[in-house]
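K.L.:
Questions regarding the structure given below will be posed in turn.
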Amino acid sequence: MELATKYNPQEVEDKWYQYWMEHKFFHSEPDGRPAYTIVIPPPNVTGILHMGHMLNNTIQDILIRRARKMGFNAVWVPGTDHASIATEAKVVNMLKEKGIDKKDLTREEFLKYAWEWKEKHGGIILKQLRKLGASCDWDRTKFTMDEELSEAVIDVFVDLYNKGLIYRGVRMVNWDPKALTAVSDEEVIYKELQSKLYYVRYQIEGEPGEYITIATTRPETILGDTAICMHPEDERYAKYKGKRAIVPLVNRSIPLIYDEYVEREFGTGALKITPAHDINDYNLGIKHHLETINIFNDNGTLSEAAQFLVGMDRFEARKAIIPLLEEAGSLVKIEDYTNKVGFSERTNEVIEPKLSLQWFCKMDSLAKPALEAVMKDDIRFYPDKFKNTYSHWMENVKDWCISRQLWWGHRIPAWHLPNHEFVVAHNAEEALQIAQEKYPDLNLTAADLKQDEDVMDTWFSSWLWPLSVFDGIRHPDNPEINYYYPTSALITAPDIIFFWVARMIMAGFEWRGTIPFKDVYFTGTVRDKLHRKMSKQLGNSPDPILLMEQYGADGVRFGMMLSSPAGNDLLFDESLCEQGRNFSNKLWNAFRLVKGWTIDPTLSQPLHSATAVLWMRERIQEVLVKVEESFEDYRLSEALMAIYKLIWDDFCSCFLEVVKAAYLQPVDQKTYDEIINLFETLMEILHPFMPFITEELWHELRERPADASIMVTPMPKATGAVNQQLLDDFANAREVIEQVRRIRSEKNIANKQALTLHVLSAKAADEGLDAVVRKLANVEQICHVAPDAEVNGASFILQNVKYAVPLTGLVDAAEEIKKLEADLKYAEGFLQGVMKKLSNENFVNNAPQKVVDMERKKQADAEEKIRLIKEQLSKLQ
RNA sequence: GGGAGCUUAGCUCAGUUGGUUUAGAGCAUCUGCCUUACAAGCAGAGGGUCACAGGUUCGACUCCUGUAGUUCCCACCA
């Protein structure tokens, strides 16, 4: 059968994924082996695969596949997140397209649509992950709104409430006027915006012609002003103490107050106060007992309380109020101004600070052990620079607003009573029971209890993920949680370190008394090669599915991993995938080569092959050590690069070229067996990175049992001692080969033309290495002669041994001299540097003996080299 | 406004307690090759006063200080 010269990943990849699934290689059950656990950062149930997921999940798959082959009972738990705001927004849009308004639906009707939609469109991303080769235990797939997981969320809420860590209160919250819900501080993204600073004057009450001018970026909120504030030591305004001012348009009389909060240098030094619509104003309002006038409706339009522009959107109103102020003679001037405005992470709507009744979770006591665990390295961060970010946030942690005014999510398990009190319980029955016990006089029935309308922040379920996927909240002593928890590693992006990572650590301590994971690997952001974030708007984000079709999942995985040290941004470029595809092709062709050989059992093993086999084994050992170290530190790109070079440069370019028989000639049995062994070993080592092609070739290399897979065979391990002498000697031989090839290249000598090589050394020849040199440099004879022998031809010096290739008529003496003189210059410069050190008494006296000896050796070597070059030069001149 | 990180070849990055032959890799570049595994390839080559300025030291890419540029995080400046 003729094999194609190009590797075709499409057919191979689907075949093997199916095979793995059929044989349940991804599935794990607790057993006697040590566990290696990863829980997937659950993507939004409505999400589709983007490059960030590709990076994140490739890393997880590599770690899981490696652990599995290292003898761990590896489990990778997949699942999705219900993503309250994002999903609800999608469902609302979908309904709108059908002509249905959410307002016209009951909660139950809406949720029915939402679930239908989730069933139909949800989890696409999990299907896409299979293309990537993700070896998730799909039997364990979880969803944050599954019944068991939802119950865990409720249990946790009730528990925290009973511990006094959950409270309800009116606070200034970040209001998203589009999603009509509060969002947490972490969900607000501040962006710099080009806006205007409006200067508006307010008349002093009872002092005609006297004005006080304020500066504001939000003139529409003037309608809700309830004070003007100045610095108490600002002489400019001292004379107004005790006076009042008149708010333009609405003609409301408001007090003038004094507070050190005000910066005298900013604007006019006078600040208008709108306690209902600004967090600082709100705090000042509390301090100075100011009236609060809420001039906005929940959707961001002006309310009746504003009196003017009622019903108009806040941004429209900002424009519309200007001519009104101008007409009233209140507008002084308008300046350009750059300020920061908060946007909702989910809807990209400008956040409106709003007073509302919300549920909060106290964080102080939860944060304490979680902070310690990371600072003490019980949990290791990779890279550890994120410890700084983490500790800063944890030390200044604020209470968490956990309620959202949405329908899609876990409903707050609180029931309101007719007497304006409420009870928190696991369900309505329990609530009624508690309420009846608490208020026996009310004669309560089920109909009197009304469940709170709000749902919980999505992260209030996500923070339990490592616990709840193993049912560790409801049944803390079940065998699964006892076996798989704490998990081994968490792979996630640094932008959710507060949302998710920190809170999972808190939850781990609160409900299990221990860490949820041992290591956290923070991936970088995937950017394009111009360093821009990948985004839909820019259109610079490739479709991962198309990429995988083009380059193979293995090729894309290779491309993602090759340049992605932990925590560093990944500058993605398709050429990286191209490199991955090329590597696949290289592997494929190496296989084709070996596959095409015939074996002659009567042949004995040639010396060059025997030597190459010994060397290749040792090289693999060397790389295994490197790979193991790299994995320890999560330096996956380094591990991959080491393997890449091992396969391409050592195995293909060198080893296979040595053992390769002449055209149509058979190879001996012994060498062939070794080649298959080595090839197989390389596939084992590479497998976690490129699972498909390694499985394919592993099966092609030998007959395998029907249910065999490279996924579950043991990973080759470093045996310990590496024969460094052998490696060094072989490396030297490769340099000799390179030099001979260089001479060929420079002198235009065809590869076919065999050469003779003279080695001017007193040392005994190493027959094995000579055999390798003969083969790869196409040298028919290597003559070992005395160091001072006369040999003409192109020469070079390696390790202070002179080599010469006699060439009749091809050697240009002038050219040789030029090259030797360049070498001489370098060697002399080098010697000079060494001598400078050695002639420095301080150096000789203070530096460790070892270092001084090293310098002396450098000196001796350099002097010998110079002698050799000079000798050679004198012969030529 | 605070805090943290980064700055090494054209690009992306290594450089592990300051000394390992006057800095390494991959990609890209250049030269020569369709050599019977692979042109998605083979063989060879070139390319860096380690951001800048001081300091500590016998010795600095490595430690300290400052400057510049850059990235990220946090913060209520109207």
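Quick note on naming: the chains in the structure tokens go A, B, ... in the order shown, residues restart at 1 in each chain, and ligands are numbered from 1 in order of appearance.
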Do a neighbour search on G32 (chain B) at 9 Å with only C-alpha atoms (C1' of nucleotides), toss out local chain neighbours closer than 3 positions, and write the hits as a ChimeraX atom specification.
P.N.:
/A:745-746,748 /B:43-44
K.L.:
For Tyr113 (chain A), work out the shell of residues within 10 Å, counting only C-alpha atoms (C1' of nucleotides) and skipping chain neighbours fewer than 6 positions away, then give it as a PyMOL selection string.
P.N.:
chain A and resi 91-92+94-95+119
K.L.:
Need the shell around Leu571 (chain A): protein/DNA/RNA residues with any atom at most 12 Å away, counting only C-alpha atoms (C1' of nucleotides). Skip same-chain ones fewer than 5 positions apart. Format as a PyMOL selection string?
P.N.:
(chain A and resi 51-52+55+524-534+540-541+559-565+576) or (chain B and resi 11-13)
K.L.:
Could you tell me which of B:G10, B:G3, B:G48, B:G18 comes closest to C72 (chain B) if we count only C-alpha atoms (C1' of nucleotides)?
P.N.:
B:G3
K.L.:
Could you list, as JSON, numbers by chain, every residue within 9 Å of A40 (chain B), counting only C-alpha atoms (C1' of nucleotides) and ignoring same-chain residues fewer than 4 positions away?
P.N.:
{"A": [6, 578, 579, 581, 582, 583, 585, 586]}
K.L.:
Which residues of chain B are close to chain A, meaning at most 8 Å apart when you count only C-alpha atoms (C1' of nucleotides), and how do they look as a ChimeraX atom specification?
P.N.:
/B:4-5,12-13,19,21-22,26,32,35-38,40,43-44,58-59,73-74,76-78
K.L.:
Atoms to include: N, CA, C and O atoms (P, O5', C5', C4', C3', O3' and C1' of nucleotides). Write the selected residues as a short mmCIF file (atom, residue, chain, number, x, y, z; two decimals), in the first residue's frame.
P.N.:
data_model
loop_
_atom_site.label_atom_id
_atom_site.label_comp_id
_atom_site.auth_asym_id
_atom_site.auth_seq_id
_atom_site.Cartn_x
_atom_site.Cartn_y
_atom_site.Cartn_z
P A B 4 4.98 47.78 44.37
"O5'" A B 4 4.65 46.61 43.33
"C5'" A B 4 4.15 45.35 43.80
"C4'" A B 4 3.71 44.51 42.64
"C3'" A B 4 4.76 44.28 41.56
"O3'" A B 4 5.69 43.27 41.91
"C1'" A B 4 2.72 44.88 40.54
P G B 5 7.16 43.40 41.34
"O5'" G B 5 6.95 43.03 39.79
"C5'" G B 5 6.57 41.71 39.44
"C4'" G B 5 6.13 41.66 38.00
"C3'" G B 5 7.20 41.94 36.95
"O3'" G B 5 8.06 40.84 36.76
"C1'" G B 5 5.19 43.01 36.33
P U B 12 7.43 40.42 19.67
"O5'" U B 12 7.34 38.87 20.03
"C5'" U B 12 6.12 38.16 19.87
"C4'" U B 12 6.28 36.75 20.34
"C3'" U B 12 6.83 36.60 21.75
"O3'" U B 12 5.82 36.79 22.72
"C1'" U B 12 7.97 35.11 20.31
P C B 13 6.21 37.17 24.22
"O5'" C B 13 6.96 35.82 24.64
"C5'" C B 13 8.02 35.84 25.58
"C4'" C B 13 8.72 34.52 25.48
"C3'" C B 13 9.79 34.26 26.53
"O3'" C B 13 9.19 33.79 27.72
"C1'" C B 13 10.62 33.68 24.41
P G B 19 26.77 32.83 38.01
"O5'" G B 19 27.96 33.69 37.43
"C5'" G B 19 28.30 33.72 36.06
"C4'" G B 19 29.80 33.55 35.93
"C3'" G B 19 30.22 32.12 35.71
"O3'" G B 19 30.88 32.03 34.45
"C1'" G B 19 31.50 33.14 37.44
P U B 21 30.93 27.29 28.38
"O5'" U B 21 31.72 28.45 27.64
"C5'" U B 21 31.93 29.72 28.25
"C4'" U B 21 33.22 30.25 27.67
"C3'" U B 21 33.11 30.51 26.14
"O3'" U B 21 33.69 31.75 25.88
"C1'" U B 21 34.94 29.07 26.65
P U B 22 33.74 32.94 25.51
"O5'" U B 22 32.28 33.53 25.27
"C5'" U B 22 31.69 34.27 26.32
"C4'" U B 22 31.75 35.75 26.01
"C3'" U B 22 31.12 36.17 24.68
"O3'" U B 22 29.73 36.26 24.81
"C1'" U B 22 33.13 37.36 25.10
P G B 26 16.58 25.94 17.09
"O5'" G B 26 15.04 26.31 16.97
"C5'" G B 26 14.03 25.36 17.32
"C4'" G B 26 12.69 26.03 17.27
"C3'" G B 26 12.40 26.77 15.97
"O3'" G B 26 11.90 25.89 14.98
"C1'" G B 26 11.92 28.19 17.79
P G B 32 21.85 30.69 -4.39
"O5'" G B 32 22.22 29.16 -4.17
"C5'" G B 32 23.57 28.73 -4.28
"C4'" G B 32 23.68 27.30 -3.84
"C3'" G B 32 22.63 26.37 -4.44
"O3'" G B 32 22.95 26.01 -5.76
"C1'" G B 32 22.83 25.94 -2.12
P U B 35 16.39 15.48 -6.01
"O5'" U B 35 17.76 14.92 -6.38
"C5'" U B 35 18.87 14.45 -5.97
"C4'" U B 35 19.02 13.42 -4.90
"C3'" U B 35 17.80 13.04 -4.03
"O3'" U B 35 17.12 11.92 -4.60
"C1'" U B 35 19.63 13.60 -2.66
P U B 36 15.50 11.89 -4.61
"O5'" U B 36 15.15 11.00 -3.34
"C5'" U B 36 13.79 10.60 -3.09
"C4'" U B 36 13.69 9.10 -2.95
"C3'" U B 36 14.51 8.51 -1.82
"O3'" U B 36 13.76 8.53 -0.63
"C1'" U B 36 14.98 7.33 -3.80
P A B 37 14.23 8.04 0.73
"O5'" A B 37 12.92 8.38 1.58
"C5'" A B 37 11.67 7.78 1.30
"C4'" A B 37 10.59 8.52 2.04
"C3'" A B 37 10.58 10.03 1.79
"O3'" A B 37 9.79 10.33 0.66
"C1'" A B 37 10.52 9.59 4.13
P C B 38 10.09 11.64 -0.21
"O5'" C B 38 9.57 12.84 0.70
"C5'" C B 38 8.16 13.06 0.90
"C4'" C B 38 7.97 13.98 2.07
"C3'" C B 38 8.58 15.36 1.91
"O3'" C B 38 7.69 16.22 1.22
"C1'" C B 38 9.10 14.48 4.05
P A B 40 5.71 22.70 0.48
"O5'" A B 40 5.78 22.45 2.06
"C5'" A B 40 6.08 23.53 3.01
"C4'" A B 40 6.16 22.88 4.36
"C3'" A B 40 6.91 21.55 4.28
"O3'" A B 40 8.20 21.49 4.89
"C1'" A B 40 4.59 21.21 4.93
P A B 43 19.20 18.38 7.57
"O5'" A B 43 20.41 19.05 6.79
"C5'" A B 43 21.41 18.22 6.23
"C4'" A B 43 22.37 19.08 5.46
"C3'" A B 43 22.88 20.30 6.21
"O3'" A B 43 23.91 19.99 7.12
"C1'" A B 43 22.24 20.92 4.04
P G B 44 24.13 20.92 8.40
"O5'" G B 44 24.55 22.30 7.74
"C5'" G B 44 25.90 22.65 7.65
"C4'" G B 44 26.06 23.86 6.77
"C3'" G B 44 25.95 25.21 7.46
"O3'" G B 44 27.12 25.52 8.19
"C1'" G B 44 24.74 25.28 5.45
P C B 58 35.79 43.63 45.69
"O5'" C B 58 36.23 43.16 44.23
"C5'" C B 58 37.43 43.67 43.65
"C4'" C B 58 37.78 42.86 42.43
"C3'" C B 58 36.66 42.68 41.43
"O3'" C B 58 36.58 43.78 40.55
"C1'" C B 58 37.65 40.58 41.86
P G B 59 35.18 44.37 40.18
"O5'" G B 59 34.53 43.18 39.34
"C5'" G B 59 35.01 42.92 38.03
"C4'" G B 59 34.35 41.68 37.48
"C3'" G B 59 32.83 41.73 37.41
"O3'" G B 59 32.41 42.39 36.23
"C1'" G B 59 33.51 39.68 38.38
P C B 73 -6.57 44.37 33.84
"O5'" C B 73 -6.29 44.44 35.41
"C5'" C B 73 -6.27 43.26 36.19
"C4'" C B 73 -5.82 43.57 37.59
"C3'" C B 73 -6.67 44.59 38.34
"O3'" C B 73 -7.85 44.01 38.87
"C1'" C B 73 -4.40 45.13 38.62
P C B 74 -9.16 44.91 38.98
"O5'" C B 74 -8.81 45.86 40.21
"C5'" C B 74 -8.64 45.31 41.51
"C4'" C B 74 -8.09 46.35 42.44
"C3'" C B 74 -8.94 47.60 42.60
"O3'" C B 74 -10.02 47.40 43.48
"C1'" C B 74 -6.70 48.23 42.28
P C B 76 -13.84 52.52 44.33
"O5'" C B 76 -13.83 53.86 43.50
"C5'" C B 76 -14.94 54.23 42.71
"C4'" C B 76 -15.29 55.67 42.94
"C3'" C B 76 -14.10 56.62 42.90
"O3'" C B 76 -13.84 57.02 41.57
"C1'" C B 76 -15.38 57.07 44.84
P C B 77 -12.36 57.18 41.07
"O5'" C B 77 -12.49 58.34 40.02
"C5'" C B 77 -11.82 59.56 40.23
"C4'" C B 77 -12.74 60.55 40.85
"C3'" C B 77 -13.03 61.78 40.00
"O3'" C B 77 -14.21 61.64 39.25
"C1'" C B 77 -12.09 62.44 42.04
P A B 78 -14.11 61.98 37.67
"O5'" A B 78 -15.40 62.84 37.26
"C5'" A B 78 -15.64 64.07 37.85
"C4'" A B 78 -16.73 63.86 38.86
"C3'" A B 78 -18.05 64.50 38.47
"O3'" A B 78 -19.12 63.60 38.72
"C1'" A B 78 -17.20 65.43 40.51
#
K.L.:
Please identify which residues in region 707-867 of chain A DSSP calls strand (DSSP E) from the backbone, and express them as a ChimeraX atom specification.
P.N.:
/A:755-760,779-785,794-798,801-805
K.L.:
With a distance cut-off of 12 Å and only C-alpha atoms (C1' of nucleotides), select the neighbouring residues of G66 (chain B), excluding the residue or stretch itself and same-chain residues fewer than 3 positions from it, and output the selection as a list in words.
P.N.:
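Those residues are C52, A53, G54 and G55 of chain B.
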K.L.:
How about saving the chosen residues, N, CA, C and O atoms (P, O5', C5', C4', C3', O3' and C1' of nucleotides) kept, as an mmCIF file, in the first residue's frame?
P.N.:
data_model
loop_
_atom_site.group_PDB
_atom_site.id
_atom_site.type_symbol
_atom_site.label_atom_id
_atom_site.label_comp_id
_atom_site.auth_asym_id
_atom_site.auth_seq_id
_atom_site.Cartn_x
_atom_site.Cartn_y
_atom_site.Cartn_z
ATOM 1 P P C B 52 20.895 49.388 26.724
ATOM 2 O "O5'" C B 52 20.789 50.856 27.322
ATOM 3 C "C5'" C B 52 20.568 51.975 26.472
ATOM 4 C "C4'" C B 52 20.329 53.205 27.299
ATOM 5 C "C3'" C B 52 21.352 53.449 28.399
ATOM 6 O "O3'" C B 52 22.519 54.071 27.903
ATOM 7 C "C1'" C B 52 19.189 53.718 29.283
ATOM 8 P P A B 53 23.927 53.809 28.629
ATOM 9 O "O5'" A B 53 23.761 54.613 29.987
ATOM 10 C "C5'" A B 53 23.574 56.027 29.960
ATOM 11 C "C4'" A B 53 23.444 56.540 31.364
ATOM 12 C "C3'" A B 53 24.460 55.975 32.355
ATOM 13 O "O3'" A B 53 25.709 56.607 32.237
ATOM 14 C "C1'" A B 53 22.307 55.944 33.325
ATOM 15 P P G B 54 26.987 55.971 32.989
ATOM 16 O "O5'" G B 54 26.763 56.502 34.461
ATOM 17 C "C5'" G B 54 27.337 55.812 35.528
ATOM 18 C "C4'" G B 54 26.599 56.140 36.803
ATOM 19 C "C3'" G B 54 27.003 55.264 37.969
ATOM 20 O "O3'" G B 54 28.160 55.769 38.592
ATOM 21 C "C1'" G B 54 24.670 55.211 37.766
ATOM 22 P P G B 55 29.380 54.753 38.826
ATOM 23 O "O5'" G B 55 28.833 53.923 40.067
ATOM 24 C "C5'" G B 55 28.435 54.621 41.252
ATOM 25 C "C4'" G B 55 27.630 53.714 42.137
ATOM 26 C "C3'" G B 55 28.323 52.445 42.598
ATOM 27 O "O3'" G B 55 29.227 52.688 43.648
ATOM 28 C "C1'" G B 55 26.100 51.958 41.959
#
K.L.:
Fewer than 2 positions away in the same chain doesn't count, so skip those; otherwise give me all residues within 10 Å of His608 (chain A), counting only C-alpha atoms (C1' of nucleotides), as a list of chain:residue names.
P.N.:
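The neighbour list is A:Gln605, A:Pro606, A:Ala610, A:Thr611, A:Ala612, A:Val613, A:Phe655, A:Val658, A:Val659, A:Glu767, A:Gly768, A:Leu769, A:Asp770, A:Ala771, A:Val772, A:Val773, A:Arg774, A:Lys775, A:Leu776.
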